[in-house]
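entry09.csv follows (CSV, C-alpha atoms and all ligand atoms):
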```
chain,number,residue,atom,x,y,z
A,27,MET,CA,10.4,1.4,-12.3
A,28,SER,CA,8.0,-1.4,-11.5
A,29,LYS,CA,4.4,-0.7,-10.8
A,30,PRO,CA,3.5,-0.1,-7.2
A,31,LEU,CA,2.4,-3.2,-5.4
A,32,SER,CA,3.2,-5.5,-8.4
A,33,ALA,CA,5.3,-7.8,-6.1
A,34,TYR,CA,2.3,-7.9,-3.7
A,35,ASN,CA,-0.2,-8.7,-6.4
A,36,ALA,CA,2.0,-11.3,-8.1
A,37,LYS,CA,2.3,-13.4,-4.9
A,38,ARG,CA,-1.4,-13.7,-4.4
A,39,ASP,CA,-4.4,-15.4,-6.0
A,40,PHE,CA,-7.3,-13.1,-5.2
A,41,ARG,CA,-9.9,-15.8,-6.1
A,42,LYS,CA,-8.6,-17.8,-3.1
A,43,THR,CA,-7.6,-15.3,-0.5
A,44,ALA,CA,-9.7,-12.6,1.1
A,45,GLU,CA,-6.7,-10.2,1.3
A,46,PRO,CA,-7.3,-7.0,-0.5
A,47,ARG,CA,-6.1,-6.5,-4.1
A,48,GLY,CA,-3.2,-4.0,-4.2
A,49,LYS,CA,-3.6,-0.6,-5.5
A,50,ARG,CA,-1.8,2.6,-4.4
A,51,ALA,CA,-4.0,5.0,-2.5
A,52,ALA,CA,-4.1,8.7,-3.1
A,53,GLY,CA,-3.2,11.1,-0.3
A,54,ALA,CA,-0.6,11.2,2.3
A,55,GLY,CA,-1.8,9.5,5.5
A,56,ASN,CA,0.4,8.4,8.4
A,57,SER,CA,-1.2,5.2,9.6
A,58,PHE,CA,0.8,2.3,11.1
A,59,VAL,CA,-0.3,-1.2,11.9
A,60,VAL,CA,1.2,-4.3,13.4
A,61,GLN,CA,-0.3,-7.7,12.4
A,62,LYS,CA,0.5,-10.8,14.3
A,63,HIS,CA,0.7,-13.5,11.6
A,64,ALA,CA,0.7,-17.2,12.4
A,65,ALA,CA,2.1,-18.4,9.1
A,66,SER,CA,4.6,-21.3,8.8
A,67,ARG,CA,6.4,-19.3,11.5
A,68,LEU,CA,4.8,-16.8,13.9
A,69,HIS,CA,5.9,-13.3,13.2
A,70,TYR,CA,4.7,-9.7,13.5
A,71,ASP,CA,4.3,-7.6,10.4
A,72,PHE,CA,5.2,-4.0,11.1
A,73,ARG,CA,3.8,-1.6,8.5
A,74,LEU,CA,4.2,2.2,8.1
A,75,GLU,CA,2.2,4.2,5.6
A,76,LEU,CA,4.4,6.1,3.1
A,77,HIS,CA,3.6,7.2,-0.5
A,78,GLY,CA,0.2,5.6,-0.6
A,79,VAL,CA,1.3,2.1,0.4
A,80,LEU,CA,2.3,0.3,3.6
A,81,LYS,CA,6.1,-0.1,3.8
A,82,SER,CA,6.4,-3.5,5.5
A,83,TRP,CA,8.8,-5.5,7.6
A,84,ALA,CA,8.4,-9.0,9.1
A,85,VAL,CA,9.7,-8.9,12.7
A,86,ALA,CA,10.2,-12.6,13.8
A,87,LYS,CA,10.2,-11.8,17.5
A,88,GLY,CA,7.9,-8.8,17.4
A,89,PRO,CA,8.6,-5.3,18.7
A,90,SER,CA,10.2,-4.9,22.1
A,91,LEU,CA,9.6,-2.0,24.4
A,92,VAL,CA,13.0,-2.5,26.0
A,93,ALA,CA,15.1,0.5,25.0
A,94,GLY,CA,18.0,-0.5,22.7
A,95,GLU,CA,16.8,-4.1,22.1
A,96,LYS,CA,17.4,-4.9,18.5
A,97,ARG,CA,14.7,-6.8,16.7
A,98,LEU,CA,15.5,-8.2,13.3
A,99,ALA,CA,13.0,-6.7,10.8
A,100,VAL,CA,13.1,-8.3,7.3
A,101,HIS,CA,12.0,-5.9,4.7
A,102,VAL,CA,9.1,-7.4,2.6
A,103,GLU,CA,7.1,-6.1,-0.3
A,104,ASP,CA,4.9,-3.0,0.0
A,105,HIS,CA,1.3,-3.8,1.0
A,106,PRO,CA,-1.8,-1.8,0.0
A,107,LEU,CA,-3.3,0.6,2.6
A,108,ASP,CA,-6.4,-1.6,2.8
A,109,TYR,CA,-4.3,-4.4,4.2
A,110,GLY,CA,-4.0,-2.5,7.5
A,111,GLY,CA,-7.6,-3.4,8.1
A,112,PHE,CA,-7.2,-7.1,7.4
A,113,GLU,CA,-7.8,-9.7,10.1
A,114,GLY,CA,-8.7,-13.2,9.2
A,115,THR,CA,-7.4,-16.4,7.7
A,116,ILE,CA,-5.3,-16.7,4.5
A,117,PRO,CA,-6.0,-20.1,3.0
A,118,LYS,CA,-3.5,-22.9,3.3
A,119,GLY,CA,-1.2,-23.2,0.3
A,120,GLN,CA,-1.6,-19.5,-0.5
A,121,TYR,CA,1.2,-17.0,0.1
A,122,GLY,CA,1.5,-16.3,3.8
A,123,GLY,CA,-1.2,-19.0,4.5
A,124,GLY,CA,-2.3,-18.8,8.2
A,125,THR,CA,-4.1,-16.5,10.6
A,126,VAL,CA,-3.7,-12.7,10.8
A,127,LEU,CA,-4.5,-10.8,14.0
A,128,LEU,CA,-4.6,-7.0,14.1
A,129,TRP,CA,-2.3,-6.5,17.0
A,130,ASP,CA,-1.9,-2.7,17.0
A,131,ARG,CA,-2.8,0.3,14.9
A,132,GLY,CA,-2.5,4.1,15.1
A,133,THR,CA,-0.4,6.8,13.5
A,134,TRP,CA,3.3,7.4,13.1
A,135,GLU,CA,5.2,10.6,12.8
A,136,PRO,CA,8.6,10.6,11.1
A,137,GLU,CA,11.5,12.8,12.2
A,138,GLY,CA,12.5,14.8,9.1
A,139,ASP,CA,11.7,13.8,5.6
A,140,PRO,CA,10.5,10.2,5.7
A,141,HIS,CA,11.3,9.5,2.0
A,142,LYS,CA,14.9,10.5,2.3
A,143,ALA,CA,15.2,8.7,5.6
A,144,TYR,CA,13.7,5.5,4.1
A,145,ALA,CA,16.0,5.7,1.1
A,146,LYS,CA,19.0,6.2,3.4
A,147,GLY,CA,17.9,3.2,5.5
A,148,HIS,CA,17.5,5.1,8.8
A,149,LEU,CA,14.0,6.1,10.0
A,150,ASN,CA,13.5,7.8,13.3
A,151,PHE,CA,9.8,8.2,14.2
A,152,ARG,CA,7.2,8.2,16.9
A,153,LEU,CA,4.3,5.9,17.2
A,154,GLU,CA,0.9,6.6,18.6
A,155,GLY,CA,-0.8,3.3,18.8
A,156,GLU,CA,-3.2,1.5,21.1
A,157,LYS,CA,-0.2,-0.6,22.5
A,158,LEU,CA,3.0,0.9,21.1
A,159,GLY,CA,4.1,4.5,21.6
A,160,GLY,CA,7.1,6.8,21.9
A,161,ALA,CA,10.2,7.0,19.8
A,162,TRP,CA,11.6,4.2,17.6
A,163,HIS,CA,14.2,3.6,15.0
A,164,LEU,CA,14.3,1.4,11.9
A,165,VAL,CA,17.8,0.9,10.7
A,166,ARG,CA,18.9,-1.0,7.5
A,167,MET,CA,21.9,-3.2,8.0
A,168,ARG,CA,24.6,-3.8,5.4
A,169,GLN,CA,23.4,-6.2,2.8
A,170,ARG,CA,25.2,-9.6,2.8
A,171,PRO,CA,25.4,-11.7,-0.4
A,172,GLN,CA,23.2,-14.4,1.1
A,173,ASP,CA,20.4,-12.0,2.0
A,174,ARG,CA,17.4,-12.2,-0.3
A,175,ASN,CA,15.6,-9.4,1.5
A,176,GLU,CA,17.0,-6.3,3.2
A,177,GLN,CA,17.6,-6.8,6.9
A,178,TRP,CA,16.7,-3.9,9.1
A,179,LEU,CA,16.5,-3.6,12.9
A,180,LEU,CA,13.6,-2.2,14.9
A,181,ILE,CA,14.7,-0.5,18.1
A,182,LYS,CA,12.9,1.3,20.8
A,183,SER,CA,14.4,4.5,22.0
A,184,ASP,CA,14.7,5.3,25.7
A,185,ASP,CA,11.8,7.4,26.8
A,186,GLU,CA,8.7,7.3,29.0
A,187,PHE,CA,7.2,4.5,26.9
A,188,ALA,CA,10.3,2.2,27.2
A,189,ARG,CA,10.4,-0.7,29.6
A,190,SER,CA,13.2,-2.4,31.3
A,191,ALA,CA,14.0,-6.1,30.6
A,192,ASP,CA,12.4,-7.2,33.9
A,193,GLU,CA,9.1,-5.5,33.2
A,194,PRO,CA,6.4,-7.5,31.3
A,195,ASP,CA,6.8,-8.2,27.6
A,196,ILE,CA,4.1,-6.2,25.8
A,197,LEU,CA,3.5,-9.1,23.4
A,198,GLU,CA,2.5,-11.4,26.3
A,199,GLU,CA,0.8,-8.7,28.3
A,200,LEU,CA,-1.5,-7.6,25.4
A,201,PRO,CA,-1.8,-10.5,23.0
A,202,LEU,CA,-5.3,-9.8,21.6
A,203,SER,CA,-6.7,-8.1,18.5
A,204,VAL,CA,-7.2,-4.3,18.9
A,205,ALA,CA,-10.0,-4.7,16.3
A,206,THR,CA,-12.0,-7.6,17.7
A,207,GLY,CA,-10.5,-8.6,21.1
A,208,ARG,CA,-9.9,-12.1,19.7
A,209,ASP,CA,-6.9,-14.3,20.0
A,210,LEU,CA,-5.3,-16.2,17.1
A,211,ASP,CA,-7.4,-19.4,17.8
A,212,GLY,CA,-10.6,-17.3,17.9
A,213,ILE,CA,-9.9,-15.9,14.5
A,214,ALA,CA,-8.7,-19.3,13.1
A,215,SER,CA,-11.8,-21.1,14.3
A,216,ASP,CA,-14.2,-18.4,12.9
A,217,LYS,CA,-15.5,-20.0,9.6
A,218,ALA,CA,-16.5,-16.6,8.3
A,219,SER,CA,-13.2,-15.2,9.4
A,220,LYS,CA,-12.7,-12.2,7.1
A,221,THR,CA,-13.2,-9.0,9.0
A,222,TRP,CA,-12.6,-5.7,7.5
A,223,ASN,CA,-11.9,-3.1,10.2
A,224,SER,CA,-11.1,0.3,8.9
A,225,ASN,CA,-7.6,1.4,10.0
A,226,ARG,CA,-8.9,4.9,9.9
A,227,GLU,CA,-11.0,6.7,12.4
A,228,ASP,CA,-14.6,5.8,11.5
B,1,MN,MN,3.5,-11.9,7.4
```
This structure in structure tokens:
Amino acid sequence: MSKPLSAYNAKRDFRKTAEPRGKRAAGAGNSFVVQKHAASRLHYDFRLELHGVLKSWAVAKGPSLVAGEKRLAVHVEDHPLDYGGFEGTIPKGQYGGGTVLLWDRGTWEPEGDPHKAYAKGHLNFRLEGEKLGGAWHLVRMRQRPQDRNEQWLLIKSDDEFARSADEPDILEELPLSVATGRDLDGIASDKASKTWNSNRED
């Protein structure tokens, strides 16, 4: 078995990027975070704490509160827990170069055993964030030969947190950082842009 976070560490030059070095944390927390990431393409990184790391998916269109709407979530390498507090700019030319905005954070609560559910490729869970809430699913699709990464779907369940398609899109309604209230341009233009906001209650 490969070392935890080895894929994460191998992709990054920590002399050049302010992102945290990856090491597995002790303890069993249940944080989640969504980071809006203006890299070569804008996407939202959806991360759930499991086993001392952040299990991570890149959601091109971002989460939708419309019940049943499927958002493609490409599974990417585990990230360190510290990453959940990262907001700032990854230098050009580095992996994921661009601006990272802390779009949402909070806790998640799996239904049943999350390790089994993750291995099975079907997680049912609740989110308690500043923007996202209620019941959600993450479902792994059948792997096709051309897929380099696992393709999952992020889907909102129908409950009191769900919206209908004619209600406002949460991504447009609440676009700013939950940590600093800034937008992407505000973070990108901040020369000292490297803010460490604890993802935990402080
Ligand atoms: Mn990303």
Excluding same-chain residues fewer than 5 positions from segment 58-63 of chain A, what lies within 8 Å of it counting all atoms listed in the file, as a PDB file with C-alpha atoms, keeping the file's coordinate frame?
```pdb
ATOM      1  CA  LEU A  68       4.800 -16.800  13.900  1.00  0.00           C
ATOM      2  CA  HIS A  69       5.900 -13.300  13.200  1.00  0.00           C
ATOM      3  CA  TYR A  70       4.700  -9.700  13.500  1.00  0.00           C
ATOM      4  CA  ASP A  71       4.300  -7.600  10.400  1.00  0.00           C
ATOM      5  CA  PHE A  72       5.200  -4.000  11.100  1.00  0.00           C
ATOM      6  CA  ARG A  73       3.800  -1.600   8.500  1.00  0.00           C
ATOM      7  CA  LEU A  74       4.200   2.200   8.100  1.00  0.00           C
ATOM      8  CA  GLU A  75       2.200   4.200   5.600  1.00  0.00           C
ATOM      9  CA  LEU A  80       2.300   0.300   3.600  1.00  0.00           C
ATOM     10  CA  GLY A 110      -4.000  -2.500   7.500  1.00  0.00           C
ATOM     11  CA  GLY A 124      -2.300 -18.800   8.200  1.00  0.00           C
ATOM     12  CA  THR A 125      -4.100 -16.500  10.600  1.00  0.00           C
ATOM     13  CA  VAL A 126      -3.700 -12.700  10.800  1.00  0.00           C
ATOM     14  CA  LEU A 127      -4.500 -10.800  14.000  1.00  0.00           C
ATOM     15  CA  LEU A 128      -4.600  -7.000  14.100  1.00  0.00           C
ATOM     16  CA  TRP A 129      -2.300  -6.500  17.000  1.00  0.00           C
ATOM     17  CA  ASP A 130      -1.900  -2.700  17.000  1.00  0.00           C
ATOM     18  CA  ARG A 131      -2.800   0.300  14.900  1.00  0.00           C
ATOM     19  CA  GLY A 132      -2.500   4.100  15.100  1.00  0.00           C
ATOM     20  CA  THR A 133      -0.400   6.800  13.500  1.00  0.00           C
ATOM     21  CA  TRP A 134       3.300   7.400  13.100  1.00  0.00           C
ATOM     22  CA  LEU A 153       4.300   5.900  17.200  1.00  0.00           C
ATOM     23  CA  GLY A 155      -0.800   3.300  18.800  1.00  0.00           C
ATOM     24  CA  ASN A 225      -7.600   1.400  10.000  1.00  0.00           C
TER      25      ASN A 225
END
```
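Straight-line separation from atom CA of Val102 of chain A to atom CA of Ala214 of chain A: 23.8 Å.
You can rank A:Gly48, A:Gly88, A:Gly122, A:Pro117 by their closest distance to ligand MN 1 (chain B) using all atoms listed in the file, and at the top of that list sits A:Gly122.
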Review point. Taking all atoms listed in the file into account, which of A:Gly159, A:Gly212, A:Pro106, A:Pro194 comes nearest Lys81 of chain A?
Key: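 Nearest to Lys81 of chain A: A:Pro106.
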**Study point:** Selection near Leu179 of chain A, 7 Å with all atoms listed in the file, sequence-local residues under 2 positions removed, as a PyMOL selection string
**Key:** chain A and resi 96-99+164-166+177+181
**Study point:** Nearest-residue call for Lys29 of chain A, choices A:Ala44, A:Val79, A:Ala188, A:Ala84, using only C-alpha atoms
**Key:**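 The answer is A:Val79, which sits nearest to Lys29 of chain A.
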Review point. Just how far from atom CA of Glu154 of chain A is atom CA of Gly138 of chain A, in Å to one decimal?
Key: 17.1 Å
Practice item. Work out how far apart atom CA of His163 of chain A and atom CA of Ser32 of chain A are and give it in Å to one decimal. Key: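 Answer for the atom CA of His163 of chain A to atom CA of Ser32 of chain A separation: 27.4 Å.
Shortest atom-to-atom contact with ligand MN 1 (chain B) among A:Asp195, A:Asp139, A:Glu186, A:Glu113: A:Glu113, counting only C-alpha atoms and all ligand atoms.
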Exercise for review: Would you list the residues near (-4.1, 3.8, -4.9), meaning any protein, DNA or RNA residue with an atom at most 9 Å from that point in file coordinates, counting all atoms listed in the file, as JSON, numbers by chain?
Suggested key: {"A": [30, 48, 49, 50, 51, 52, 53, 78, 79, 106, 107]}
Practice item. Identify which of the residues A:Pro136, A:Pro201, A:Gly207, A:Gly160 lies closest to Arg189 of chain A, counting all atoms listed in the file when measuring atom-to-atom distances. Key: A:Gly160
Skip Arg168 of chain A itself and residues of its chain fewer than 4 positions away, then list as a PDB file with C-alpha atoms, in the frame of the given file all residues within 10 Å of it, counting all atoms listed in the file.
```pdb
ATOM      1  CA  GLY A 147      17.900   3.200   5.500  1.00  0.00           C
ATOM      2  CA  ASP A 173      20.400 -12.000   2.000  1.00  0.00           C
ATOM      3  CA  GLU A 176      17.000  -6.300   3.200  1.00  0.00           C
ATOM      4  CA  GLN A 177      17.600  -6.800   6.900  1.00  0.00           C
ATOM      5  CA  TRP A 178      16.700  -3.900   9.100  1.00  0.00           C
TER       6      TRP A 178
END
```
Exercise for review: Compare A:Thr43, A:Ser66, A:Asn56, A:Ser190 by their minimum atom-to-atom distance to ligand MN 1 (chain B), counting all atoms listed in the file, and give me the closest one.
Suggested key: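 Of A:Thr43, A:Ser66, A:Asn56, A:Ser190, the one nearest ligand MN 1 (chain B) is A:Ser66, counting all atoms listed in the file.
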Exercise for review: List the neighbours of Tyr109 of chain A out to 7 Å using all atoms listed in the file; skip same-chain residues closer than 4 positions along the sequence, and give me the result as a list of chain:residue names.
Suggested key: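 Listed by chain and then number, they are A:Glu45, A:Pro46, A:His105.
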